[in-house]
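Shown here: run31.cif, mmCIF, C-alpha atoms and all ligand atoms.
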```
data_final
#
loop_
_atom_site.label_atom_id
_atom_site.label_comp_id
_atom_site.auth_asym_id
_atom_site.auth_seq_id
_atom_site.Cartn_x
_atom_site.Cartn_y
_atom_site.Cartn_z
CA MET A 8 -36.60 -6.99 -13.82
CA ARG A 9 -39.28 -4.83 -12.27
CA SER A 10 -39.81 -1.15 -12.76
CA SER A 11 -39.58 0.75 -9.50
CA SER A 12 -43.37 0.81 -9.18
CA GLY A 13 -43.51 -2.87 -10.14
CA SER A 14 -45.90 -2.20 -13.03
CA SER A 15 -45.98 -0.56 -16.46
CA ARG A 16 -46.24 3.23 -16.54
CA LYS A 17 -48.03 5.41 -18.98
CA LEU A 18 -46.00 7.89 -21.02
CA SER A 19 -48.14 10.97 -20.78
CA GLY A 20 -48.36 14.46 -19.36
CA LYS A 21 -45.50 15.77 -17.31
CA LYS A 22 -43.90 12.55 -16.14
CA SER A 23 -40.42 12.01 -17.44
CA PHE A 24 -38.85 8.59 -17.79
CA VAL A 25 -35.39 7.20 -17.23
CA VAL A 26 -33.98 4.19 -19.02
CA ALA A 27 -30.68 3.18 -17.39
CA ILE A 28 -28.18 1.06 -19.32
CA ASP A 29 -25.01 -0.10 -17.57
CA GLY A 30 -22.34 -2.56 -18.56
CA PRO A 31 -18.65 -3.11 -19.26
CA ALA A 32 -16.57 -1.31 -21.88
CA ALA A 33 -17.46 -1.98 -25.52
CA SER A 34 -20.61 -3.95 -24.74
CA GLY A 35 -22.46 -1.83 -27.31
CA LYS A 36 -24.13 0.44 -24.72
CA SER A 37 -23.43 3.71 -26.49
CA THR A 38 -24.72 2.70 -29.90
CA VAL A 39 -27.82 1.00 -28.62
CA ALA A 40 -28.60 3.73 -26.07
CA TYR A 41 -28.29 6.36 -28.79
CA LEU A 42 -30.58 4.44 -31.17
CA LEU A 43 -33.06 3.65 -28.41
CA ALA A 44 -33.23 7.31 -27.38
CA ARG A 45 -33.95 8.32 -30.96
CA LYS A 46 -36.69 5.71 -31.33
CA LEU A 47 -38.33 6.83 -28.08
CA GLY A 48 -37.78 10.56 -28.58
CA PHE A 49 -35.81 10.69 -25.32
CA THR A 50 -32.53 12.52 -24.60
CA TYR A 51 -29.45 10.34 -24.97
CA MET A 52 -26.96 10.66 -22.12
CA ASP A 53 -23.45 9.25 -22.57
CA THR A 54 -21.98 9.55 -19.07
CA GLY A 55 -18.70 7.94 -20.14
CA ALA A 56 -18.16 10.94 -22.43
CA MET A 57 -18.27 13.19 -19.35
CA TYR A 58 -15.58 11.21 -17.52
CA ARG A 59 -13.56 11.15 -20.75
CA ALA A 60 -13.93 14.93 -21.15
CA LEU A 61 -12.67 15.50 -17.63
CA THR A 62 -9.75 13.12 -18.19
CA TRP A 63 -8.88 14.99 -21.40
CA LYS A 64 -8.81 18.30 -19.54
CA ALA A 65 -6.75 16.86 -16.68
CA LEU A 66 -4.15 15.48 -19.10
CA ASN A 67 -4.07 18.71 -21.09
CA THR A 68 -3.61 20.98 -18.12
CA GLY A 69 -0.89 18.75 -16.70
CA ILE A 70 -2.66 17.99 -13.41
CA ASP A 71 -1.05 15.14 -11.51
CA LEU A 72 -3.59 12.31 -11.83
CA ASP A 73 -2.77 11.23 -8.27
CA ASP A 74 -3.82 14.65 -6.98
CA GLU A 75 -7.42 13.90 -6.01
CA LYS A 76 -8.05 17.37 -4.61
CA SER A 77 -7.15 19.13 -7.84
CA LEU A 78 -9.08 16.61 -9.92
CA SER A 79 -12.15 17.09 -7.74
CA GLN A 80 -11.88 20.88 -8.00
CA MET A 81 -11.55 20.60 -11.74
CA ALA A 82 -14.63 18.36 -11.87
CA GLU A 83 -16.66 20.90 -9.89
CA ASN A 84 -15.74 23.75 -12.22
CA ILE A 85 -15.49 22.13 -15.63
CA ARG A 86 -18.00 23.13 -18.33
CA ILE A 87 -19.00 20.14 -20.40
CA ASP A 88 -21.51 20.74 -23.19
CA ILE A 89 -22.93 17.82 -25.10
CA SER A 90 -25.15 18.19 -28.13
CA SER A 91 -26.88 15.48 -30.11
CA ARG A 92 -26.18 14.65 -33.73
CA GLU A 93 -28.48 13.17 -36.34
CA SER A 94 -26.41 10.01 -36.72
CA TYR A 95 -24.10 7.83 -34.65
CA PRO A 96 -21.66 8.58 -32.98
CA GLY A 97 -24.47 10.67 -31.69
CA ILE A 98 -22.88 13.49 -29.73
CA ASP A 99 -20.58 16.48 -30.01
CA VAL A 100 -18.65 17.11 -26.82
CA TYR A 101 -17.24 20.49 -25.77
CA VAL A 102 -15.01 21.24 -22.81
CA ASP A 103 -14.94 24.95 -21.94
CA ASP A 104 -15.96 25.72 -25.55
CA LYS A 105 -13.34 23.49 -27.19
CA GLU A 106 -14.68 20.68 -29.34
CA VAL A 107 -13.19 17.41 -28.05
CA SER A 108 -15.51 14.74 -29.54
CA SER A 109 -12.74 12.67 -31.11
CA LEU A 110 -9.99 13.77 -28.70
CA ILE A 111 -11.75 11.96 -25.85
CA ARG A 112 -11.72 8.61 -27.69
CA THR A 113 -7.97 8.08 -28.00
CA PRO A 114 -5.94 5.20 -26.52
CA GLN A 115 -4.40 7.70 -24.08
CA ILE A 116 -7.82 8.63 -22.68
CA ASN A 117 -8.84 4.95 -22.63
CA ARG A 118 -5.77 4.31 -20.53
CA TRP A 119 -6.40 7.00 -17.89
CA VAL A 120 -10.17 7.49 -17.73
CA SER A 121 -10.80 4.70 -15.21
CA ILE A 122 -8.11 6.10 -12.92
CA VAL A 123 -9.69 9.58 -12.95
CA SER A 124 -13.19 8.09 -12.53
CA ARG A 125 -12.22 6.41 -9.26
CA VAL A 126 -11.83 9.73 -7.43
CA PRO A 127 -14.78 10.33 -5.04
CA GLY A 128 -14.91 14.11 -5.66
CA VAL A 129 -14.94 13.52 -9.41
CA ARG A 130 -17.87 11.11 -9.14
CA LYS A 131 -19.80 13.44 -6.87
CA ALA A 132 -19.49 16.32 -9.36
CA MET A 133 -20.33 14.18 -12.39
CA VAL A 134 -23.40 12.60 -10.77
CA LYS A 135 -24.69 16.08 -9.91
CA LEU A 136 -24.18 17.18 -13.50
CA GLN A 137 -25.94 14.07 -14.84
CA ARG A 138 -28.97 14.53 -12.57
CA ASN A 139 -29.22 18.18 -13.63
CA ILE A 140 -29.17 17.26 -17.30
CA ALA A 141 -31.97 14.76 -16.78
CA ARG A 142 -34.17 17.11 -14.77
CA ASN A 143 -37.70 17.14 -16.22
CA LYS A 144 -36.59 15.18 -19.29
CA SER A 145 -37.01 11.62 -20.42
CA VAL A 146 -33.57 10.12 -20.92
CA VAL A 147 -31.75 7.00 -21.99
CA ALA A 148 -28.61 7.20 -19.85
CA GLU A 149 -25.70 4.80 -20.17
CA GLY A 150 -22.59 4.21 -18.08
CA ARG A 151 -21.44 2.09 -15.15
CA ASP A 152 -23.45 3.35 -12.17
CA ILE A 153 -26.65 4.67 -13.73
CA GLY A 154 -29.04 2.08 -12.29
CA THR A 155 -27.21 1.78 -8.97
CA VAL A 156 -26.25 5.37 -8.08
CA VAL A 157 -27.23 8.09 -10.57
CA PHE A 158 -30.86 7.06 -11.11
CA PRO A 159 -31.70 4.29 -8.63
CA GLN A 160 -35.41 4.98 -9.31
CA ALA A 161 -35.02 4.51 -13.09
CA ASP A 162 -38.15 3.17 -14.80
CA VAL A 163 -36.18 0.56 -16.75
CA LYS A 164 -32.73 -0.83 -15.89
CA ILE A 165 -30.67 -2.92 -18.25
CA PHE A 166 -27.26 -4.48 -17.64
CA LEU A 167 -25.74 -5.09 -21.06
CA VAL A 168 -22.89 -7.57 -21.36
CA ALA A 169 -20.97 -9.45 -24.05
CA SER A 170 -17.96 -11.76 -23.84
CA LEU A 171 -14.53 -10.11 -23.60
CA GLU A 172 -13.51 -11.81 -26.85
CA GLU A 173 -16.51 -10.41 -28.72
CA ARG A 174 -16.09 -6.92 -27.24
CA ALA A 175 -12.41 -6.86 -28.23
CA LYS A 176 -13.35 -7.96 -31.74
CA ARG A 177 -15.96 -5.21 -32.09
CA ARG A 178 -13.60 -2.50 -30.80
CA TRP A 179 -10.82 -3.76 -33.11
CA LYS A 180 -13.16 -3.60 -36.11
CA GLU A 181 -14.24 -0.05 -35.20
CA LEU A 182 -10.62 1.07 -35.04
CA GLN A 183 -9.80 -0.65 -38.35
CA GLU A 184 -12.67 1.24 -39.96
CA LYS A 185 -11.19 4.49 -38.66
CA GLY A 186 -7.83 3.52 -40.19
CA ILE A 187 -6.19 2.91 -36.80
CA SER A 188 -4.17 -0.28 -36.77
CA CYS A 189 -3.72 -2.16 -33.51
CA LYS A 190 -3.45 -5.66 -32.17
CA ILE A 191 -6.59 -7.35 -30.92
CA GLU A 192 -4.62 -8.72 -27.93
CA GLU A 193 -3.80 -5.17 -26.83
CA ILE A 194 -7.45 -4.17 -27.01
CA ARG A 195 -8.48 -7.25 -25.05
CA GLU A 196 -5.92 -6.37 -22.39
CA GLU A 197 -7.06 -2.72 -22.21
CA LEU A 198 -10.75 -3.65 -21.90
CA HIS A 199 -9.97 -6.26 -19.28
CA LEU A 200 -7.96 -3.78 -17.21
CA ARG A 201 -10.59 -1.04 -17.49
CA ASP A 202 -13.39 -3.44 -16.46
CA LYS A 203 -11.29 -4.55 -13.51
CA ILE A 204 -10.67 -1.00 -12.27
CA ASP A 205 -14.30 0.02 -12.92
CA SER A 206 -15.76 -2.94 -11.07
CA GLU A 207 -13.29 -3.04 -8.18
CA ARG A 208 -13.31 0.64 -7.23
CA GLU A 209 -14.75 1.56 -3.85
CA ILE A 210 -17.28 4.13 -4.98
CA ALA A 211 -20.03 3.31 -7.47
CA PRO A 212 -18.39 0.21 -8.95
CA LEU A 213 -19.66 -1.29 -12.18
CA ARG A 214 -22.35 -3.63 -10.88
CA LYS A 215 -25.73 -4.92 -11.98
CA ALA A 216 -28.51 -3.31 -9.94
CA PRO A 217 -30.64 -6.04 -8.30
CA ASP A 218 -33.66 -4.87 -10.31
CA ALA A 219 -31.80 -4.61 -13.64
CA LEU A 220 -32.43 -7.05 -16.46
CA LEU A 221 -29.31 -8.80 -17.72
CA VAL A 222 -29.00 -8.79 -21.51
CA ASP A 223 -26.10 -10.69 -23.10
CA ASN A 224 -25.59 -9.53 -26.67
CA THR A 225 -22.53 -11.66 -27.51
CA ASP A 226 -24.50 -13.32 -30.31
CA LEU A 227 -26.69 -10.38 -31.26
CA ASP A 228 -25.91 -7.63 -33.75
CA ILE A 229 -26.85 -4.03 -33.05
CA THR A 230 -30.26 -4.26 -34.73
CA GLN A 231 -31.17 -7.36 -32.72
CA THR A 232 -29.92 -5.74 -29.51
CA LEU A 233 -31.99 -2.63 -30.22
CA GLU A 234 -35.12 -4.70 -30.89
CA LYS A 235 -34.61 -6.60 -27.65
CA LEU A 236 -34.18 -3.44 -25.58
CA LEU A 237 -37.07 -1.71 -27.29
CA GLY A 238 -39.28 -4.69 -26.41
CA ILE A 239 -38.19 -4.50 -22.78
CA VAL A 240 -38.79 -0.75 -22.57
CA LYS A 241 -42.21 -1.01 -24.20
CA SER A 242 -43.25 -3.71 -21.76
CA ARG A 243 -42.29 -1.47 -18.84
CA ILE A 244 -43.48 1.89 -20.09
CA MET A 245 -46.74 1.96 -22.04
CA ILE A 246 -45.77 4.10 -25.01
O1 LIG B 301 -18.52 4.14 -21.49
P1 LIG B 301 -17.08 4.59 -21.73
O2 LIG B 301 -16.16 3.49 -22.18
O3 LIG B 301 -17.00 5.78 -22.62
O4 LIG B 301 -16.57 5.05 -20.29
C1 LIG B 301 -15.26 5.48 -20.06
C2 LIG B 301 -14.90 5.31 -18.61
O5 LIG B 301 -15.60 6.27 -17.81
C3 LIG B 301 -15.18 3.98 -17.97
O6 LIG B 301 -14.12 3.05 -18.19
C4 LIG B 301 -15.34 4.32 -16.51
C5 LIG B 301 -15.88 5.72 -16.53
N1 LIG B 301 -17.32 5.78 -16.30
C6 LIG B 301 -17.74 5.73 -14.99
O7 LIG B 301 -16.92 5.56 -14.09
N2 LIG B 301 -19.06 5.86 -14.71
C7 LIG B 301 -19.96 6.03 -15.68
N3 LIG B 301 -21.26 6.18 -15.37
C8 LIG B 301 -19.55 6.06 -17.03
C9 LIG B 301 -18.21 5.90 -17.31
#
```
Before we go any further, please render this structure as structure tokens.
Amino acid sequence: MRSSSGSSRKLSGKKSFVVAIDGPAASGKSTVAYLLARKLGFTYMDTGAMYRALTWKALNTGIDLDDEKSLSQMAENIRIDISSRESYPGIDVYVDDKEVSSLIRTPQINRWVSIVSRVPGVRKAMVKLQRNIARNKSVVAEGRDIGTVVFPQADVKIFLVASLEERAKRRWKELQEKGISCKIEEIREELHLRDKIDSEREIAPLRKAPDALLVDNTDLDITQTLEKLLGIVKSRIMI
């Protein structure tokens, strides 16, 4: 991977930095991006939470999810506020002043979020919002199209992957810890379907940017993944 200038940059003065992390569902992006942002003193940006928030609102207002015009209008007018917490899961999410942090992580949202995220008008509005949030700030942003579309000039781009089996196992364990019982086969199926929709959509599909570094963390735990990413970032940005 090369940074967009092809060399390390110095973290000083007014320059703000962007670390872009993309990858499939449950590859550990959110946790590692949150921890990396804290280590670097950068703002953590969970773009999936924005698409989830919009999907929550669409389902709760009864909009027909096939109605692209209404979804796009909703995306242009929605107020999503995200604030950081001291520990992981690192954000509180509000939609029009209602706190929805856990409501956007349900199986129902998992099921529909990729469908809503395919809509061109939705993506346009969300990308605008994401660029505004990052204006004049250093960020660690994670999602599906960060290195390819949202911040193509990002200073560091990472494409984080893990095997489907391992990702299903991790998600299953997370749910068990929250007291939610489910079958690992169902999780595997849901992740597989979401990855398929996310990577086959016409606009901004999940794809590794040519200048992104591929990191496979199938055999790494979160601490090892964080160390690896921190090493990459430090070699690109002289901190
Ligand atoms: O990262 P996540 O699982 O919370 O993301 C939920 C969904 O949001 C994901 O399946 C597709 C969509 N998404 C997207 O289309 N583009 C992004 N940059 C981030 C998420």
> Using all atoms listed in the file, which residue out of A:Gly69, A:Gly128, A:Gly238, A:Gly55 lies closest to A:Asp29?
Replying inline: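 Smallest separation from A:Asp29 among the options: A:Gly55.
You will find atom CA of A:Pro159 at 22.8 Å from atom CA of A:Arg45.
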Sorted by chain and rising residue number, which residues of chain A lie within 6 Å of ligand LIG 301 (chain B), and what are their closest atom pairs and distances in Å to one decimal, counting only C-alpha atoms and all ligand atoms, as JSON lines?
```
{"residue": "A:Ala32", "atom": "CA", "partner": "B:LIG301", "partner_atom": "O2", "distance": 4.8}
{"residue": "A:Thr54", "atom": "CA", "partner": "B:LIG301", "partner_atom": "C8", "distance": 4.7}
{"residue": "A:Gly55", "atom": "CA", "partner": "B:LIG301", "partner_atom": "C9", "distance": 3.5}
{"residue": "A:Ala56", "atom": "CA", "partner": "B:LIG301", "partner_atom": "O3", "distance": 5.3}
{"residue": "A:Tyr58", "atom": "CA", "partner": "B:LIG301", "partner_atom": "O5", "distance": 4.9}
{"residue": "A:Arg59", "atom": "CA", "partner": "B:LIG301", "partner_atom": "C1", "distance": 6.0}
{"residue": "A:Val120", "atom": "CA", "partner": "B:LIG301", "partner_atom": "C2", "distance": 5.3}
{"residue": "A:Ser121", "atom": "CA", "partner": "B:LIG301", "partner_atom": "C4", "distance": 4.7}
{"residue": "A:Ser124", "atom": "CA", "partner": "B:LIG301", "partner_atom": "O7", "distance": 4.8}
{"residue": "A:Gly150", "atom": "CA", "partner": "B:LIG301", "partner_atom": "N3", "distance": 3.6}
{"residue": "A:Arg151", "atom": "CA", "partner": "B:LIG301", "partner_atom": "N3", "distance": 4.1}
{"residue": "A:Asp152", "atom": "CA", "partner": "B:LIG301", "partner_atom": "N3", "distance": 4.8}
{"residue": "A:Ile153", "atom": "CA", "partner": "B:LIG301", "partner_atom": "N3", "distance": 5.8}
{"residue": "A:Arg201", "atom": "CA", "partner": "B:LIG301", "partner_atom": "O6", "distance": 5.4}
{"residue": "A:Asp205", "atom": "CA", "partner": "B:LIG301", "partner_atom": "C4", "distance": 5.7}
```
>> Need to verify the contact set: stretch 99-106 of chain A, 9 Å, only C-alpha atoms, exclusion of same-chain residues closer than 3 positions in sequence. Can you return it as a list in words?
In response: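 Selected residues are Ala56, Met57, Ala60, Leu61, Trp63, Lys64, Ile85, Arg86, Ile87, Asp88, Ile89, Ser90, Ser91, Arg92, Pro96, Ser109, Leu110 and Ile111 of chain A.
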Dump as a PDB file, in the coordinates of the input, selection limited to C-alpha atoms:
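Here's the written file part32.pdb:
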```pdb
ATOM      1  CA  ALA A  56     -18.160  10.940 -22.430  1.00  0.00           C
ATOM      2  CA  MET A  57     -18.270  13.190 -19.350  1.00  0.00           C
ATOM      3  CA  ALA A  60     -13.930  14.930 -21.150  1.00  0.00           C
ATOM      4  CA  LEU A  61     -12.670  15.500 -17.630  1.00  0.00           C
ATOM      5  CA  TRP A  63      -8.880  14.990 -21.400  1.00  0.00           C
ATOM      6  CA  LYS A  64      -8.810  18.300 -19.540  1.00  0.00           C
ATOM      7  CA  ILE A  85     -15.490  22.130 -15.630  1.00  0.00           C
ATOM      8  CA  ARG A  86     -18.000  23.130 -18.330  1.00  0.00           C
ATOM      9  CA  ILE A  87     -19.000  20.140 -20.400  1.00  0.00           C
ATOM     10  CA  ASP A  88     -21.510  20.740 -23.190  1.00  0.00           C
ATOM     11  CA  ILE A  89     -22.930  17.820 -25.100  1.00  0.00           C
ATOM     12  CA  SER A  90     -25.150  18.190 -28.130  1.00  0.00           C
ATOM     13  CA  SER A  91     -26.880  15.480 -30.110  1.00  0.00           C
ATOM     14  CA  ARG A  92     -26.180  14.650 -33.730  1.00  0.00           C
ATOM     15  CA  PRO A  96     -21.660   8.580 -32.980  1.00  0.00           C
ATOM     16  CA  SER A 109     -12.740  12.670 -31.110  1.00  0.00           C
ATOM     17  CA  LEU A 110      -9.990  13.770 -28.700  1.00  0.00           C
ATOM     18  CA  ILE A 111     -11.750  11.960 -25.850  1.00  0.00           C
TER      19      ILE A 111
END
```
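For the residues A:Lys164, A:Ser37, A:Phe49, A:Ile191, ranking by smallest atom-to-atom distance to A:Val146 using only C-alpha atoms places A:Phe49 first.
Atom CA of A:Ile28 lies 10.4 Å from atom CA of A:Thr155.
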>> Please return as a ChimeraX atom specification every residue within 10 Å of (-28.6, -2.6, -5.3), taking into account all atoms listed in the file and the file's own coordinates.
In response: /A:154-156,159,214-219
>> Given all atoms listed in the file as the basis, pick out the residue of A:Ile210, A:Ala82, A:Leu198, A:Leu72 nearest to A:Met133.
In response: A:Ala82
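Comparing the minimum interatomic distances between A:Glu172 and each of A:Ser188, A:Thr230, A:Thr225, A:Ser94, counting all atoms listed in the file, we find that A:Thr225 sits nearest.
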>> I need the residue nearest A:Lys203 from this list: A:Gly97, A:Leu42, A:Ile122, A:Asp53. Use only C-alpha atoms for the distance.
In response: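 Checking each candidate against A:Lys203, we get A:Ile122 as the closest.
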> Smallest atom-to-atom distance to A:Leu43: which of A:Leu236, A:Ala161, A:Ile70, A:Leu221, using only C-alpha atoms?
Replying inline: A:Leu236
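Of note, atom CA of A:Ser145 and atom CA of A:Lys241 are spaced 14.2 Å apart.
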What would stretch 115-126 of chain A look like with all heavy atoms in place, written as a PDB file, in the frame of the given file?
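Final file, rebuild.pdb:
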```pdb
ATOM      1  N   GLN A 115      -4.915   7.063 -25.307  1.00  0.00           N
ATOM      2  CA  GLN A 115      -4.400   7.700 -24.080  1.00  0.00           C
ATOM      3  C   GLN A 115      -5.535   7.946 -23.081  1.00  0.00           C
ATOM      4  O   GLN A 115      -5.401   7.679 -21.880  1.00  0.00           O
ATOM      5  CB  GLN A 115      -3.720   9.037 -24.442  1.00  0.00           C
ATOM      6  CG  GLN A 115      -2.907   9.575 -23.278  1.00  0.00           C
ATOM      7  CD  GLN A 115      -2.642  11.066 -23.402  1.00  0.00           C
ATOM      8  OE1 GLN A 115      -3.336  11.782 -24.115  1.00  0.00           O
ATOM      9  NE2 GLN A 115      -1.618  11.521 -22.694  1.00  0.00           N
ATOM     10  N   ILE A 116      -6.665   8.420 -23.578  1.00  0.00           N
ATOM     11  CA  ILE A 116      -7.820   8.630 -22.680  1.00  0.00           C
ATOM     12  C   ILE A 116      -8.331   7.281 -22.175  1.00  0.00           C
ATOM     13  O   ILE A 116      -8.617   7.126 -20.982  1.00  0.00           O
ATOM     14  CB  ILE A 116      -8.957   9.405 -23.399  1.00  0.00           C
ATOM     15  CG1 ILE A 116      -8.471  10.758 -23.920  1.00  0.00           C
ATOM     16  CG2 ILE A 116     -10.174   9.556 -22.482  1.00  0.00           C
ATOM     17  CD1 ILE A 116      -8.149  11.788 -22.866  1.00  0.00           C
ATOM     18  N   ASN A 117      -8.409   6.292 -23.071  1.00  0.00           N
ATOM     19  CA  ASN A 117      -8.840   4.950 -22.630  1.00  0.00           C
ATOM     20  C   ASN A 117      -7.987   4.471 -21.461  1.00  0.00           C
ATOM     21  O   ASN A 117      -8.467   3.827 -20.539  1.00  0.00           O
ATOM     22  CB  ASN A 117      -8.687   3.926 -23.757  1.00  0.00           C
ATOM     23  CG  ASN A 117      -9.725   4.121 -24.847  1.00  0.00           C
ATOM     24  OD1 ASN A 117     -10.712   4.814 -24.642  1.00  0.00           O
ATOM     25  ND2 ASN A 117      -9.490   3.522 -25.999  1.00  0.00           N
ATOM     26  N   ARG A 118      -6.708   4.801 -21.541  1.00  0.00           N
ATOM     27  CA  ARG A 118      -5.770   4.310 -20.530  1.00  0.00           C
ATOM     28  C   ARG A 118      -6.002   4.968 -19.162  1.00  0.00           C
ATOM     29  O   ARG A 118      -5.862   4.323 -18.128  1.00  0.00           O
ATOM     30  CB  ARG A 118      -4.362   4.597 -21.042  1.00  0.00           C
ATOM     31  CG  ARG A 118      -3.317   4.300 -20.078  1.00  0.00           C
ATOM     32  CD  ARG A 118      -1.998   3.930 -20.722  1.00  0.00           C
ATOM     33  NE  ARG A 118      -1.075   3.632 -19.651  1.00  0.00           N
ATOM     34  CZ  ARG A 118       0.079   4.248 -19.501  1.00  0.00           C
ATOM     35  NH1 ARG A 118       0.477   5.131 -20.380  1.00  0.00           N
ATOM     36  NH2 ARG A 118       0.846   3.949 -18.487  1.00  0.00           N
ATOM     37  N   TRP A 119      -6.348   6.265 -19.152  1.00  0.00           N
ATOM     38  CA  TRP A 119      -6.400   7.000 -17.890  1.00  0.00           C
ATOM     39  C   TRP A 119      -7.807   7.221 -17.328  1.00  0.00           C
ATOM     40  O   TRP A 119      -7.981   7.550 -16.157  1.00  0.00           O
ATOM     41  CB  TRP A 119      -5.696   8.352 -18.034  1.00  0.00           C
ATOM     42  CG  TRP A 119      -4.230   8.183 -18.250  1.00  0.00           C
ATOM     43  CD1 TRP A 119      -3.526   8.415 -19.398  1.00  0.00           C
ATOM     44  CD2 TRP A 119      -3.274   7.693 -17.300  1.00  0.00           C
ATOM     45  NE1 TRP A 119      -2.211   8.111 -19.240  1.00  0.00           N
ATOM     46  CE2 TRP A 119      -2.014   7.665 -17.955  1.00  0.00           C
ATOM     47  CE3 TRP A 119      -3.349   7.265 -15.967  1.00  0.00           C
ATOM     48  CZ2 TRP A 119      -0.859   7.229 -17.320  1.00  0.00           C
ATOM     49  CZ3 TRP A 119      -2.182   6.842 -15.338  1.00  0.00           C
ATOM     50  CH2 TRP A 119      -0.969   6.825 -16.014  1.00  0.00           C
ATOM     51  N   VAL A 120      -8.824   7.077 -18.172  1.00  0.00           N
ATOM     52  CA  VAL A 120     -10.170   7.490 -17.730  1.00  0.00           C
ATOM     53  C   VAL A 120     -10.656   6.728 -16.489  1.00  0.00           C
ATOM     54  O   VAL A 120     -11.286   7.321 -15.601  1.00  0.00           O
ATOM     55  CB  VAL A 120     -11.179   7.408 -18.911  1.00  0.00           C
ATOM     56  CG1 VAL A 120     -11.402   5.993 -19.406  1.00  0.00           C
ATOM     57  CG2 VAL A 120     -12.517   8.031 -18.527  1.00  0.00           C
ATOM     58  N   SER A 121     -10.328   5.467 -16.378  1.00  0.00           N
ATOM     59  CA  SER A 121     -10.800   4.700 -15.210  1.00  0.00           C
ATOM     60  C   SER A 121     -10.100   5.144 -13.931  1.00  0.00           C
ATOM     61  O   SER A 121     -10.663   5.034 -12.839  1.00  0.00           O
ATOM     62  CB  SER A 121     -10.578   3.203 -15.422  1.00  0.00           C
ATOM     63  OG  SER A 121     -11.492   2.727 -16.364  1.00  0.00           O
ATOM     64  N   ILE A 122      -8.872   5.629 -14.089  1.00  0.00           N
ATOM     65  CA  ILE A 122      -8.110   6.100 -12.920  1.00  0.00           C
ATOM     66  C   ILE A 122      -8.756   7.399 -12.396  1.00  0.00           C
ATOM     67  O   ILE A 122      -9.006   7.559 -11.202  1.00  0.00           O
ATOM     68  CB  ILE A 122      -6.631   6.382 -13.308  1.00  0.00           C
ATOM     69  CG1 ILE A 122      -6.006   5.154 -13.995  1.00  0.00           C
ATOM     70  CG2 ILE A 122      -5.814   6.879 -12.121  1.00  0.00           C
ATOM     71  CD1 ILE A 122      -5.781   3.974 -13.104  1.00  0.00           C
ATOM     72  N   VAL A 123      -9.065   8.301 -13.328  1.00  0.00           N
ATOM     73  CA  VAL A 123      -9.690   9.580 -12.950  1.00  0.00           C
ATOM     74  C   VAL A 123     -11.089   9.327 -12.371  1.00  0.00           C
ATOM     75  O   VAL A 123     -11.500   9.974 -11.401  1.00  0.00           O
ATOM     76  CB  VAL A 123      -9.747  10.519 -14.180  1.00  0.00           C
ATOM     77  CG1 VAL A 123     -10.567  11.767 -13.889  1.00  0.00           C
ATOM     78  CG2 VAL A 123      -8.332  10.897 -14.619  1.00  0.00           C
ATOM     79  N   SER A 124     -11.802   8.360 -12.950  1.00  0.00           N
ATOM     80  CA  SER A 124     -13.190   8.090 -12.530  1.00  0.00           C
ATOM     81  C   SER A 124     -13.298   7.470 -11.143  1.00  0.00           C
ATOM     82  O   SER A 124     -14.401   7.371 -10.597  1.00  0.00           O
ATOM     83  CB  SER A 124     -13.871   7.123 -13.513  1.00  0.00           C
ATOM     84  OG  SER A 124     -13.741   7.570 -14.812  1.00  0.00           O
ATOM     85  N   ARG A 125     -12.182   7.030 -10.600  1.00  0.00           N
ATOM     86  CA  ARG A 125     -12.220   6.410  -9.260  1.00  0.00           C
ATOM     87  C   ARG A 125     -12.316   7.456  -8.147  1.00  0.00           C
ATOM     88  O   ARG A 125     -12.682   7.135  -7.028  1.00  0.00           O
ATOM     89  CB  ARG A 125     -10.899   5.658  -8.995  1.00  0.00           C
ATOM     90  CG  ARG A 125     -10.768   4.365  -9.687  1.00  0.00           C
ATOM     91  CD  ARG A 125      -9.654   3.540  -9.099  1.00  0.00           C
ATOM     92  NE  ARG A 125      -8.361   4.210  -9.128  1.00  0.00           N
ATOM     93  CZ  ARG A 125      -7.194   3.580  -9.183  1.00  0.00           C
ATOM     94  NH1 ARG A 125      -7.174   2.254  -9.224  1.00  0.00           N
ATOM     95  NH2 ARG A 125      -6.069   4.224  -9.187  1.00  0.00           N
ATOM     96  N   VAL A 126     -11.960   8.697  -8.472  1.00  0.00           N
ATOM     97  CA  VAL A 126     -11.830   9.730  -7.430  1.00  0.00           C
ATOM     98  C   VAL A 126     -13.217  10.147  -6.911  1.00  0.00           C
ATOM     99  O   VAL A 126     -14.075  10.566  -7.690  1.00  0.00           O
ATOM    100  CB  VAL A 126     -11.074  10.955  -8.011  1.00  0.00           C
ATOM    101  CG1 VAL A 126     -10.999  12.080  -6.995  1.00  0.00           C
ATOM    102  CG2 VAL A 126      -9.696  10.536  -8.509  1.00  0.00           C
TER     103      VAL A 126
END
```
